[in-house]
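Notes to accompany the following structure.
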Amino acid sequence: MSTADDGDAAWGAADFIELDGVEKVFDVRRKTGFLRREKRQVRAVDGISFRVPRGEMVGYIGPNGAGKSTTIKMLTGILTPSGGRLRVAGIDPSKERTRLAQRIGVVFGQRTTLWWDLPLKDSYRLMRRMYRIPDDRYAANMARCTELLDLGELLDVPVRQLSLGQRMRGDIAAALLHDPEVLYLDEPTIGLDVVSKSKVREFLRDLNAERGTTVLLTTHDLTDIEQLCKRVMVIDHGRLVYDGALAGLHEVGESERTLVVDLERELPPIRTPLARNVKVEGPRQWLAFPASVSAAPLVAELASAYPLLDLSVREPDIEAVIAKMYAGGADAGTGARIG
Amino acid sequence: MAEARKRVDEAGSGARGVREGRPATEGDRRPVREDAHRAAEDLLSVRDRGPGGRLRLARDGFRAYGLIAAMWIRATMAYRTSFVMTTLGSFAATGLDFVAVLLMFQHVERLGGFSLGEVAFLYGLAGAALGLGDLAMGTMGRLGQKVRDGTLDTLLVRPAPVLAQVAADRFALRRLGRTTQGLAVLTYALVQLDGVVWTPLKVLMVPVMLLSGGAIFAAVFTMGGAFQFWAQDAAEVQSAFTFGGNALLQYPPTVFAKDLVRGVTFLVPLAFVNWIPAMYVLGRPYPLAVPEWFAFLSPVVAVGFWVVAGLLWRVGVRSYRSTGS
């Protein structure tokens, strides 16, 4: 009793999730001929270290195959790290997977943790017994999730008949019934329509604010991060290339937003010290300006000097930001390690 | 409830210190061998989960199995007619199998020196044992699919042993059909057998054989499942030992070549499901020279099978690589 409590307190506030030089190496065998095989090692995660305090909401982003999902799988105990040290709430996930499972919730955007052929409520009922959720907590959490995630009419529907957005909401509820201290979300908004996306985001924001649940989410959608996370970590080729505020990421990556200007008629390319003219196509022009700067002065200047019909701002997408970070040659040595 | 959880926490943190003492294995270039090593360590060391850890694991496993199986039974009972039909179908399909044996005895008096009652005794024991093993662990054959498409991930994040979750997935009571048929044939055999002098020990051996045999077959199903972590189509190999083994054990050992009997006795000791103990009950010599006490070893052999199966399973789970997503 005292050992467990002391352990929790020590791991608690400062370092809820701890990674020190965590690696995951996969052996990949490729057939090169009849019976001949080439063995090659892929370093999916190549020495990652970070810490997440309790109650923080962190975005974990990176291009496809960067090692995001592999990291989450190591954090949940699905995969055993090849090297390094990893602790969640003081627990080594791969060694005490089932004990850790009581304290974490996981949502995979790509696959469901619900029982495919059974009605949603059967899955919840089973979760309740499997996680040994006390009756009052179960009732309270069910009521809350049903209301906020709009599950009322879906409870009797077999999971396979749910739409992607409905299933995702069902999955999020399933991951939260046992009051987990940390919630991992792997691409929670992938494939969702705008309404579903905002519903999911709102729910997560409330959860973090009211319950203090630590949230780690991977995503391709920068809007997810902007609306939810103060802190963002960028991973590429298995290495952490950025860890800090979202705004800072744009500075480091020198990313640019684009102002699309529709003029009344065709005009010569707009020249302004505030932006760079990228493209002209008839009366429409594209102006790039640093993402860390407000668009307002630029818009004001254009409005006073040109006959405008319409304006729109395009956000930099995360792939471009990361590509730019690399092209900038911040760490030329890393590129060579690509497995 | 809370108390139980606290106990788990305590034991876990007590064991934590021990495990962290092991040097980090940075830069290890042989993950698989490393995994095997760790699995062996996990399985063999008693202190790993604290005192009583193995027991608790088993208890958690049985509990999870029960919960999931109960849910599937409820789900199938929603379609009661379908359930009754498939169970009867399974019963009839396996039942016809024994008709072949009956037909054979229309033409011969004895098979390998064994009477109809004696063959039925062997047949019933093997069939019922396989039925029990199949009922408990039959869905292990689907593991390959779960490994291939990465859906095993979702089982690994739940607070229950994965083996129990995989085994209980789509639990189907209709598989009782085979057990029922085996028991029916066994009952028929007990009525037919007249030369047997029943002692209390022999009477006790019948249920012991059924349970040990069921456990042995269940372990083989589990091993077959574990192999699918590496070869996702290994289900066929497993069938060779389970359904194939059953087909072998249904007939007296005297009709088979000595080398085959030797293999089934010493190499893959399936002979302990029925052959060796049944020879004792029937008062007949076993074709191979084995000590008489071998007849009582079935429970020990079953435990041995499960140790190997458990070890294989651990190594398998450790080497699970998931899929990119």
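Quick note on naming: the chains in the structure tokens go A, B, ... in the order shown, residues restart at 1 in each chain, and ligands are numbered from 1 in order of appearance.
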What's around Arg97 in chain A at 10 Å? Count only C-alpha atoms, leave out sequence neighbours fewer than 5 positions away in its own chain, and write the answer as JSON, numbers by chain.
{"A": [75, 76, 77, 78, 91, 92, 102], "B": [156, 157, 158, 159, 160, 161]}
Give me a file of those residues, with N, CA and C atoms, as a PDB file, in the first residue's frame.
ATOM      1  N   LEU A  75       3.890   2.849 -25.593  1.00  0.00           N
ATOM      2  CA  LEU A  75       3.354   3.478 -24.389  1.00  0.00           C
ATOM      3  C   LEU A  75       2.210   2.671 -23.786  1.00  0.00           C
ATOM      4  N   THR A  76       1.511   1.916 -24.630  1.00  0.00           N
ATOM      5  CA  THR A  76       0.386   1.134 -24.130  1.00  0.00           C
ATOM      6  C   THR A  76       0.794  -0.293 -23.797  1.00  0.00           C
ATOM      7  N   GLY A  77       2.032  -0.677 -24.153  1.00  0.00           N
ATOM      8  CA  GLY A  77       2.495  -2.029 -23.854  1.00  0.00           C
ATOM      9  C   GLY A  77       2.222  -3.019 -24.971  1.00  0.00           C
ATOM     10  N   ILE A  78       1.680  -2.553 -26.097  1.00  0.00           N
ATOM     11  CA  ILE A  78       1.431  -3.455 -27.221  1.00  0.00           C
ATOM     12  C   ILE A  78       2.762  -3.941 -27.794  1.00  0.00           C
ATOM     13  N   ILE A  91       4.888   2.814 -14.335  1.00  0.00           N
ATOM     14  CA  ILE A  91       4.765   1.414 -14.745  1.00  0.00           C
ATOM     15  C   ILE A  91       5.504   1.198 -16.064  1.00  0.00           C
ATOM     16  N   ASP A  92       6.209   0.089 -16.146  1.00  0.00           N
ATOM     17  CA  ASP A  92       6.834  -0.278 -17.407  1.00  0.00           C
ATOM     18  C   ASP A  92       5.768  -0.990 -18.249  1.00  0.00           C
ATOM     19  N   GLN A 102      -5.619  -0.694 -16.709  1.00  0.00           N
ATOM     20  CA  GLN A 102      -6.653  -0.133 -15.827  1.00  0.00           C
ATOM     21  C   GLN A 102      -6.596   1.394 -15.798  1.00  0.00           C
TER      22      GLN A 102
ATOM     23  N   LEU B 156      -4.767  -6.079 -26.579  1.00  0.00           N
ATOM     24  CA  LEU B 156      -3.593  -5.855 -25.734  1.00  0.00           C
ATOM     25  C   LEU B 156      -3.743  -4.632 -24.828  1.00  0.00           C
ATOM     26  N   VAL B 157      -4.693  -3.765 -25.120  1.00  0.00           N
ATOM     27  CA  VAL B 157      -4.850  -2.591 -24.257  1.00  0.00           C
ATOM     28  C   VAL B 157      -5.927  -2.809 -23.197  1.00  0.00           C
ATOM     29  N   ARG B 158      -6.464  -4.018 -23.123  1.00  0.00           N
ATOM     30  CA  ARG B 158      -7.466  -4.290 -22.093  1.00  0.00           C
ATOM     31  C   ARG B 158      -6.822  -4.973 -20.886  1.00  0.00           C
ATOM     32  N   PRO B 159      -7.390  -4.761 -19.702  1.00  0.00           N
ATOM     33  CA  PRO B 159      -6.764  -5.284 -18.486  1.00  0.00           C
ATOM     34  C   PRO B 159      -7.070  -6.752 -18.250  1.00  0.00           C
ATOM     35  N   ALA B 160      -6.819  -7.583 -19.229  1.00  0.00           N
ATOM     36  CA  ALA B 160      -7.067  -9.018 -19.075  1.00  0.00           C
ATOM     37  C   ALA B 160      -6.041  -9.758 -19.917  1.00  0.00           C
ATOM     38  N   PRO B 161      -5.663 -10.964 -19.491  1.00  0.00           N
ATOM     39  CA  PRO B 161      -4.687 -11.732 -20.274  1.00  0.00           C
ATOM     40  C   PRO B 161      -5.169 -11.907 -21.721  1.00  0.00           C
TER      41      PRO B 161
END
Leu274 in chain A surroundings by only C-alpha atoms, 9 Å radius, close-in-sequence under 5 positions cut, as a list in words:
Ala288, Phe289, Pro290, Pro297 and Leu298 of chain A
Report, in Å to a single decimal, how far apart CA of Ala44 in chain A and CA of Thr32 in chain A are.
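Separating CA of Thr32 in chain A from CA of Ala44 in chain A is a distance of 22.3 Å.
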Report as a list in words all protein, DNA and RNA residues lying within 9 Å of Phe91 in chain B, evaluated on only C-alpha atoms, omitting residues in the same chain fewer than 3 positions from it.
Thr86, Thr87, Leu88, Thr94, Gly95, Leu96, Arg174, Arg175, Leu176, Gly177, Arg178, Thr179, Thr180 and Gln181 of chain B
Write out as a ChimeraX atom specification each polymer residue whose atoms come within 8 Å of range 230-245 of chain B, counting only C-alpha atoms; drop sequence neighbours fewer than 4 positions from it.
/B:130,141,143-145,147-148,217,220-221,223-225,249,270,316
Ranking B:Ser319, B:Asn274, B:Thr254, B:Thr139 by minimum distance to Arg170 in chain B and counting only C-alpha atoms, which one comes first?
B:Thr139
Kindly give the distance, in Å, that separates CA of Leu260 in chain B and CA of His107 in chain B, rounded to a single decimal.
26.2 Å
Skipping near chain neighbours, those fewer than 4 positions away, what residues fall within 8 Å of Pro81 in chain A using only C-alpha atoms, listed as a tab-separated table (two decimals) with C-alpha atoms, in the first residue's frame?
chain	number	residue	atom	x	y	z
A	22	VAL	CA	13.44	4.68	-26.37
A	23	GLU	CA	14.09	2.64	-29.51
A	24	LYS	CA	12.14	0.17	-31.57
A	25	VAL	CA	13.97	-1.82	-34.18
A	74	MET	CA	5.06	1.12	-26.83
A	94	SER	CA	5.34	-3.99	-21.73
Do a neighbour search on range 179-188 of chain A at 6 Å with only C-alpha atoms, toss out local chain neighbours closer than 4 positions, and write the hits as number ranges by chain.
A: 103-109, 213-219
All residues 12 Å or closer to Gly310 in chain B, only C-alpha atoms, same chain fewer than 2 positions away omitted, as a ChimeraX atom specification:
/B:39-40,42-44,54,57-58,161-164,218-227,303-308,312-317
Alpha helix (DSSP H) residues, from DSSP on the backbone, in range 48-181 of chain A, as a ChimeraX atom specification
/A:68-76,97-101,120-130,135-148,164-176
In Å, with one decimal, what is the gap from CA of Pro119 in chain A to CA of Met137 in chain B?
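Between CA of Pro119 in chain A and CA of Met137 in chain B the gap is 24.6 Å.
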All strand (DSSP E) positions in range 25-253 of chain A, as JSON, numbers by chain
{"A": [25, 26, 27, 28, 29, 30, 31, 37, 38, 39, 40, 41, 42, 43, 44, 45, 46, 47, 48, 49, 50, 51, 52, 57, 58, 59, 60, 61, 83, 84, 85, 86, 87, 88, 104, 105, 106, 107, 108, 182, 183, 184, 185, 186, 214, 215, 216, 217, 218, 219, 231, 232, 233, 234, 235, 236, 239, 240, 241, 242, 243, 244, 245]}
